[in-house]
Amino acid sequence: MRLRIPPGWWLGGLVLLVVVLVPLFLFTNTYNRGLLVLIVIYAIAGLSLDYIMGEMGQFSFGHAAFWGFGAYVSAKLALDLGISPWIGFLAAPAAAGLVGLLIGYIALRRTRNLELAIVTLGFGVLAWTVALRWRPVTGGPSGLRQVPPPSLFGWEIRSELAYFYFALLLLLGIVFLLSRLRTSRFGRGVRSIHENEDLAKSIGVAATKYYVLAFSFACALVGFSGALYAHHFRFVNPNLLGLDYMFIFLIVVLVGGTGTLWGPVMGAAIFVLVSEWLRALQEYRFVIFGVVLLLVVLFMPIGVFPALQKVARRIRGRSDEDTDGAPASEDRALEADRAR
Amino acid sequence: MSWDVIGQQLWNGLLNGSIYVIFAAGLSLVFGVMRVINMAHGELTMLGAMLLFTATDLVGLGYFTGAALVVVVMALAGFLVNRVTVRPFLGHSELVVILSTVALSFMLLNGSLVVWGSGPKGVDKPFNEIVQVGGVYVTTASVLLVGVCFAAVLGLYLMLTFTKLGKKTRATGQNLLGARLIGINTTAVYDTTLIVASGLAALAGVLIVLVSSASPNLGQPLLITGFAVVIVAGMGNVAGAVAVGLFMGVTEALFGQFVSTYYRQGYLYVVMIIVLLLRPQGLFGRK
């Protein structure tokens with residue numbers, strides 16, 4: 001029997017190979033290797049946001065708050081109680097997931113789409129305000145420093161390259177987990193609500209319950225990404241919960257392409273590298289960045305990765321109807337049925 | 001606690017609330033008519049304030065000439081905002097428009113930082129006597145602010161309710177396809193909606209400098225506050241946004257005085273969350 005590998009994986013695998021090998025030769029100094037770690041961390045955060053945007057078809061504009069929250073939880077545990085970062089890596093997603101469960105329950109009971117976007121934005125800003133003001137616990141505007149790195153059998157993972165490969169391994173695990181989750185009973189249920197919430201409900205999918213759980217899962221994942229950030233860059237501050245990172249994650253997901261696993265990964269790489277290249281423009285770089293962003297959205301509204309997939313399909317001579325046409329939505333209807 | 005303090009805070013709250021009102025009214029109008037979240041709305045206000053600084057301080061125009069010019073220019077710029085960052089993206093998911101307006105906000109914010117630097121800039125006020133009313137100190141400039149805000153909101157209300165353009169705008173907001181079917185030029189409606197909203201945003205900007213200073217960083221916090229107002233009022237409900245904007249401004253000032261200055265920013269979101277728990281569609285929203 002021939003093993004069928006989904007088409008996206010070929011491209012993803014190729015990119016991955018480049019990603020694993022290139023750092024050894026091209027990214028030679030510590031600073032540049034730090035960027036690689038950042039790419040992986042943003043990719044995980046992007047994947048989690050894309051679970052909400054691509055799979056649930058919903059918005060969360062408070063996602064950075066969960067990211068920062070995860071970072072604070074793990075950093076606090078390590079700094080105040082001397083708890084190993086490894087436990088922190090578990091505690092951060094657990095805590096972020098629990099808070100996500102609560103907030104998801106409040107927000108998703110009635111609000112959807114753009115309303116949900118603004119509601120979650122409100123929660124995010126509230127969290128940011130608390131992080132900024134609750135000085136005894138969060139360290140106020142300057143945050144917490146000297147967060148310890150994780151260590152493996154007495155060896156601290158301090159070097160950029162080691163941390164990069166460590167995080168990359170986790171990223172791959174997460175992509176695999178997400179690909180399994182998407183086809184699981186739960187994942188198909190979530191997708192069926194995305195396709196048509198009323199229809200999904202009518203066949204017995206508990207829409208709000210599924211959505212709240214999916215939201216909480218995404219929050220846990222982004223909390224994990226935050227913990228990874230805290231233990232590598234070794235500080236946390238209230239900005240991690242703020243709008244800047246929110247926009248970064250949004251850019252990562254939308255530029256990369258929603259609803260595809262490799263999209264956010266690619267989006268993270270594009271974001272970090274492009275903003276780095278623009279650094280030479282000094283204070284003009286964010287202006288140019290805005291222009292670049294607008295052009296990307298204008299010419300590739302579906303995102304870079306899906307656009308590449310389209311090109312790849314065209315080269316192989318297949319029509320786009322494979323994925324975009326009517327049969328696909330029939331599949332989805334069946335999918336919804338099976339998810340019951 | 002003395003009544004003077006309460007009176008002073010009520011007045012301060014009214015000032016902030018008036019700004020929230022015209023800011024949120026524009027934000028809500030764009031959302032209600034076009035189903036677009038304009039993430040650049042705060043930067044339009046900021047640009048209004050900064051342009052006024054340039055017009056009065058560098059070019060040497062008077063406050064009123066400068067302010068009128070800035071509002072007109074920014075309103076016309078609203079047409080460009082629609083054509084460049086909104087209209088080309090409307091066919092796609094709602095998120096794409098959010099991203100394109102985020103891109104615009106990036107450009108405006110960072111462009112302004114390059115042009116003006118991050119420091120606050122004071123603008124000469126046309127008159128600035130301090131009058132004592134009862135125990136409350138009131139500057140004449142702030143009276144002007146409140147007056148103009150109310151006039152602008154009244155104007156918006158009259159336009160939406162009685163003019164043909166207003167009726168077309170409401171029809172488009174209620175049902176885009178239906179509006180097109182009966183021959184409304186919805187493209188023109190979208191253009192005017194953003195022209196009006198952008199003009200209102202700039203108006204907020206030129207009024208803010210009457211009570212504080214202009215700075216490239218004033219847009220983002222205002223946008224966040226505007227969202228809280230819009231959510232509590234019910235998305236897209238302009239009249240509700242006016243009532244809630246005033247309410248939020250006043251209660252925020254009282255909260256700052258009597259509960260905690262520290263968590264003043266957080267107060268609005270706590271209100272927002274409580275309202276959401278009790279009435280998810282907002283105070284004035286329909287289910």
# chains A, B, ... in the order shown; residues from 1 in each chain; ligands from 1
>>> interface_residues(of="chain B", to="chain A", cutoff="7 Å", atoms="only C-alpha atoms", output="list in words")
Val96, Ser100, Ala103, Leu104, Phe106, Met107, Asn110, Gly111, Val114, Phe227, Ala228, Tyr262, Gln265, Gly266, Tyr269, Leu277 and Pro280 of chain B
>>> write_last_selection(atoms="C-alpha atoms", output="compact mmCIF listing (two decimals), in the first residue's frame")
# COMPACT_ATOMS: atom_id res chain seq x y z
CA VAL B 96 -8.85 40.71 5.98
CA SER B 100 -5.68 46.04 6.20
CA ALA B 103 -1.68 47.97 8.37
CA LEU B 104 -2.99 51.52 7.90
CA PHE B 106 0.80 50.90 11.61
CA MET B 107 1.68 53.31 8.84
CA ASN B 110 4.84 55.10 12.93
CA GLY B 111 4.81 57.72 10.19
CA VAL B 114 8.92 59.83 12.38
CA PHE B 227 -14.39 49.58 21.57
CA ALA B 228 -15.51 49.24 25.19
CA TYR B 262 -4.55 53.13 39.43
CA GLN B 265 -8.22 52.12 32.74
CA GLY B 266 -9.42 48.74 33.87
CA TYR B 269 -13.47 46.78 30.81
CA LEU B 277 -22.57 38.67 31.27
CA PRO B 280 -24.49 39.96 25.72
>>> select_by_dssp(residues="region 50-137 of chain A", states="helix (DSSP H, G or I)", output="PyMOL selection string")
chain A and resi 50-55+63-81+85-108+113-133+135-137
>>> residues_around(residues="Ser179 (chain A)", least_positions_apart="4", cutoff="8 Å", atoms="only C-alpha atoms", output="PDB file with N, CA and C atoms, in the first residue's frame")
ATOM      1  N   VAL A 175       2.383  20.567  15.635  1.00  0.00           N
ATOM      2  CA  VAL A 175       1.771  20.463  14.295  1.00  0.00           C
ATOM      3  C   VAL A 175       1.140  19.083  14.132  1.00  0.00           C
ATOM      4  N   THR A 183      -8.734  16.044  12.560  1.00  0.00           N
ATOM      5  CA  THR A 183      -9.521  14.962  11.985  1.00  0.00           C
ATOM      6  C   THR A 183     -10.219  14.123  13.045  1.00  0.00           C
ATOM      7  N   LEU A 261      -1.973  24.201   8.478  1.00  0.00           N
ATOM      8  CA  LEU A 261      -1.047  24.061   9.592  1.00  0.00           C
ATOM      9  C   LEU A 261       0.276  24.761   9.332  1.00  0.00           C
TER      10      LEU A 261
END
>>> atom_distance(atom1="CA of Ala75 (chain A)", atom2="CA of Val137 (chain A)")
11.3 Å
>>> closest_residue(among="B:Val102, B:Ile195, B:Val230, B:Ala141", to="Met39 (chain B)", atoms="only C-alpha atoms")
B:Val102
>>> residues_around(residues="Ile19 (chain B)", least_positions_apart="4", cutoff="7 Å", atoms="only C-alpha atoms", output="ChimeraX atom specification")
/B:15,23,204
>>> write_last_selection(atoms="N, CA and C atoms", output="PDB file, in the first residue's frame")
ATOM      1  N   LEU B  15     -16.258  65.934  30.115  1.00  0.00           N
ATOM      2  CA  LEU B  15     -15.282  66.267  29.071  1.00  0.00           C
ATOM      3  C   LEU B  15     -14.789  65.012  28.361  1.00  0.00           C
ATOM      4  N   PHE B  23     -15.984  59.950  19.276  1.00  0.00           N
ATOM      5  CA  PHE B  23     -15.073  58.912  18.791  1.00  0.00           C
ATOM      6  C   PHE B  23     -15.843  57.610  18.538  1.00  0.00           C
ATOM      7  N   ALA B 204     -12.682  64.785  16.977  1.00  0.00           N
ATOM      8  CA  ALA B 204     -12.280  64.376  18.326  1.00  0.00           C
ATOM      9  C   ALA B 204     -10.837  64.807  18.565  1.00  0.00           C
TER      10      ALA B 204
END
>>> select_by_dssp(residues="region 83-284 of chain B", states="strand (DSSP E or B)", output="list of chain:residue names")
B:Lys121, B:Ile130, B:Val131, B:Gln132, B:Val133, B:Val136, B:Tyr137, B:Val138, B:Thr139, B:Ala214
>>> atom_distance(atom1="CA of Val146 (chain B)", atom2="CA of Ser18 (chain B)")
6.0 Å
>>> residues_around(residues="Thr260 (chain A)", least_positions_apart="6", cutoff="10 Å", atoms="only C-alpha atoms", output="number ranges by chain")
A: 8, 47, 50-51, 54-55, 179, 253, 303, 305-306
>>> residues_around(residues="Leu29 (chain B)", least_positions_apart="2", cutoff="10 Å", atoms="only C-alpha atoms", output="PyMOL selection string")
chain B and resi 24-27+31-36+156+169-170+173+193-194+196-197+230+235-239+241
>>> write_last_selection(atoms="C-alpha atoms", output="PDB file, in the first residue's frame")
ATOM      1  CA  ALA B  24     -17.325  55.917  19.449  1.00  0.00           C
ATOM      2  CA  ALA B  25     -20.101  57.297  17.244  1.00  0.00           C
ATOM      3  CA  GLY B  26     -17.787  57.172  14.217  1.00  0.00           C
ATOM      4  CA  LEU B  27     -16.493  53.726  15.116  1.00  0.00           C
ATOM      5  CA  PHE B  31     -19.375  49.011  12.057  1.00  0.00           C
ATOM      6  CA  GLY B  32     -23.129  49.384  11.806  1.00  0.00           C
ATOM      7  CA  VAL B  33     -23.222  50.359   8.148  1.00  0.00           C
ATOM      8  CA  MET B  34     -20.284  48.434   6.714  1.00  0.00           C
ATOM      9  CA  ARG B  35     -19.671  45.634   9.248  1.00  0.00           C
ATOM     10  CA  VAL B  36     -16.070  46.786   9.312  1.00  0.00           C
ATOM     11  CA  LEU B 156     -25.067  63.231  12.923  1.00  0.00           C
ATOM     12  CA  THR B 169     -27.038  54.912   4.878  1.00  0.00           C
ATOM     13  CA  ARG B 170     -29.351  53.218   7.348  1.00  0.00           C
ATOM     14  CA  GLY B 173     -26.582  49.045   7.069  1.00  0.00           C
ATOM     15  CA  THR B 193     -19.800  56.681   5.792  1.00  0.00           C
ATOM     16  CA  LEU B 194     -16.034  56.678   6.036  1.00  0.00           C
ATOM     17  CA  VAL B 196     -18.254  61.166   8.046  1.00  0.00           C
ATOM     18  CA  ALA B 197     -16.530  58.755  10.441  1.00  0.00           C
ATOM     19  CA  VAL B 230     -19.312  50.353  21.388  1.00  0.00           C
ATOM     20  CA  MET B 235     -22.376  47.029  18.211  1.00  0.00           C
ATOM     21  CA  GLY B 236     -23.404  49.407  15.465  1.00  0.00           C
ATOM     22  CA  ASN B 237     -25.875  51.310  17.613  1.00  0.00           C
ATOM     23  CA  VAL B 238     -24.880  54.962  17.208  1.00  0.00           C
ATOM     24  CA  ALA B 239     -27.449  56.460  19.599  1.00  0.00           C
ATOM     25  CA  ALA B 241     -22.841  54.731  21.796  1.00  0.00           C
TER      26      ALA B 241
END
>>> residues_around(residues="region 70-86 of chain B", least_positions_apart="2", cutoff="8 Å", atoms="only C-alpha atoms", output="MDAnalysis selection string")
(chainID A and resid 294) or (chainID B and resid 44 48 51:52 66:68 88:90 97 100:101 104 190:192 194:200 202:203 206)
>>> write_last_selection(atoms="N, CA and C atoms", output="compact mmCIF listing (two decimals), in the first residue's frame")
# COMPACT_ATOMS: atom_id res chain seq x y z
N LEU A 294 0.03 45.73 3.78
CA LEU A 294 -1.12 46.08 2.96
C LEU A 294 -1.02 45.40 1.59
N LEU B 44 -6.70 58.05 13.17
CA LEU B 44 -7.29 59.20 12.46
C LEU B 44 -7.47 60.36 13.44
N GLY B 48 -5.59 63.93 13.35
CA GLY B 48 -6.30 65.20 13.47
C GLY B 48 -5.59 66.14 14.44
N LEU B 51 -2.02 67.14 13.02
CA LEU B 51 -2.10 68.08 11.90
C LEU B 51 -2.48 69.47 12.40
N LEU B 52 -3.35 69.49 13.41
CA LEU B 52 -3.73 70.78 13.98
C LEU B 52 -2.51 71.46 14.60
N GLY B 66 -7.47 76.48 11.60
CA GLY B 66 -6.71 75.24 11.55
C GLY B 66 -7.60 74.03 11.77
N ALA B 67 -8.43 74.11 12.82
CA ALA B 67 -9.29 72.98 13.16
C ALA B 67 -10.26 72.66 12.01
N ALA B 68 -10.87 73.72 11.44
CA ALA B 68 -11.82 73.49 10.35
C ALA B 68 -11.13 72.85 9.17
N PRO B 88 -11.11 47.42 -1.32
CA PRO B 88 -10.51 46.30 -2.06
C PRO B 88 -10.61 44.98 -1.31
N PHE B 89 -10.90 45.03 0.00
CA PHE B 89 -10.85 43.81 0.81
C PHE B 89 -12.22 43.31 1.23
N LEU B 90 -13.27 44.00 0.80
CA LEU B 90 -14.59 43.66 1.31
C LEU B 90 -15.08 42.29 0.87
N VAL B 97 -10.18 42.72 6.25
CA VAL B 97 -10.35 44.17 6.40
C VAL B 97 -9.72 44.65 7.71
N SER B 100 -6.08 44.91 7.03
CA SER B 100 -5.68 46.04 6.20
C SER B 100 -5.78 47.34 6.98
N THR B 101 -6.77 47.44 7.88
CA THR B 101 -6.82 48.67 8.67
C THR B 101 -5.74 48.67 9.77
N LEU B 104 -2.87 50.06 8.00
CA LEU B 104 -2.99 51.52 7.90
C LEU B 104 -2.61 52.17 9.22
N TYR B 190 -20.87 53.84 1.24
CA TYR B 190 -19.67 53.44 1.98
C TYR B 190 -18.66 54.59 2.01
N ASP B 191 -18.50 55.24 0.85
CA ASP B 191 -17.57 56.37 0.81
C ASP B 191 -17.97 57.44 1.83
N THR B 192 -19.25 57.82 1.80
CA THR B 192 -19.67 58.89 2.71
C THR B 192 -19.59 58.44 4.16
N LEU B 194 -17.40 56.51 5.54
CA LEU B 194 -16.03 56.68 6.04
C LEU B 194 -15.62 58.14 6.05
N ILE B 195 -16.18 58.94 5.14
CA ILE B 195 -15.89 60.37 5.17
C ILE B 195 -16.41 60.97 6.47
N VAL B 196 -17.66 60.64 6.81
CA VAL B 196 -18.25 61.17 8.05
C VAL B 196 -17.48 60.66 9.27
N ALA B 197 -17.21 59.34 9.28
CA ALA B 197 -16.53 58.76 10.44
C ALA B 197 -15.14 59.35 10.61
N SER B 198 -14.46 59.52 9.49
CA SER B 198 -13.10 60.05 9.56
C SER B 198 -13.12 61.52 10.00
N GLY B 199 -14.13 62.25 9.51
CA GLY B 199 -14.29 63.64 9.96
C GLY B 199 -14.56 63.71 11.46
N LEU B 200 -15.42 62.81 11.95
CA LEU B 200 -15.72 62.78 13.39
C LEU B 200 -14.47 62.43 14.20
N ALA B 202 -11.36 63.00 13.35
CA ALA B 202 -10.47 64.16 13.34
C ALA B 202 -11.01 65.26 14.26
N LEU B 203 -12.32 65.40 14.30
CA LEU B 203 -12.94 66.39 15.18
C LEU B 203 -12.58 66.07 16.64
N VAL B 206 -9.05 67.31 17.13
CA VAL B 206 -8.81 68.75 17.31
C VAL B 206 -9.43 69.25 18.61
>>> atom_distance(atom1="CA of Leu16 (chain A)", atom2="CA of Val37 (chain A)")
14.1 Å
>>> closest_residue(among="A:Gly189, A:Gly68, A:Gly267, A:Gly97", to="Asn237 (chain A)", atoms="only C-alpha atoms")
A:Gly68
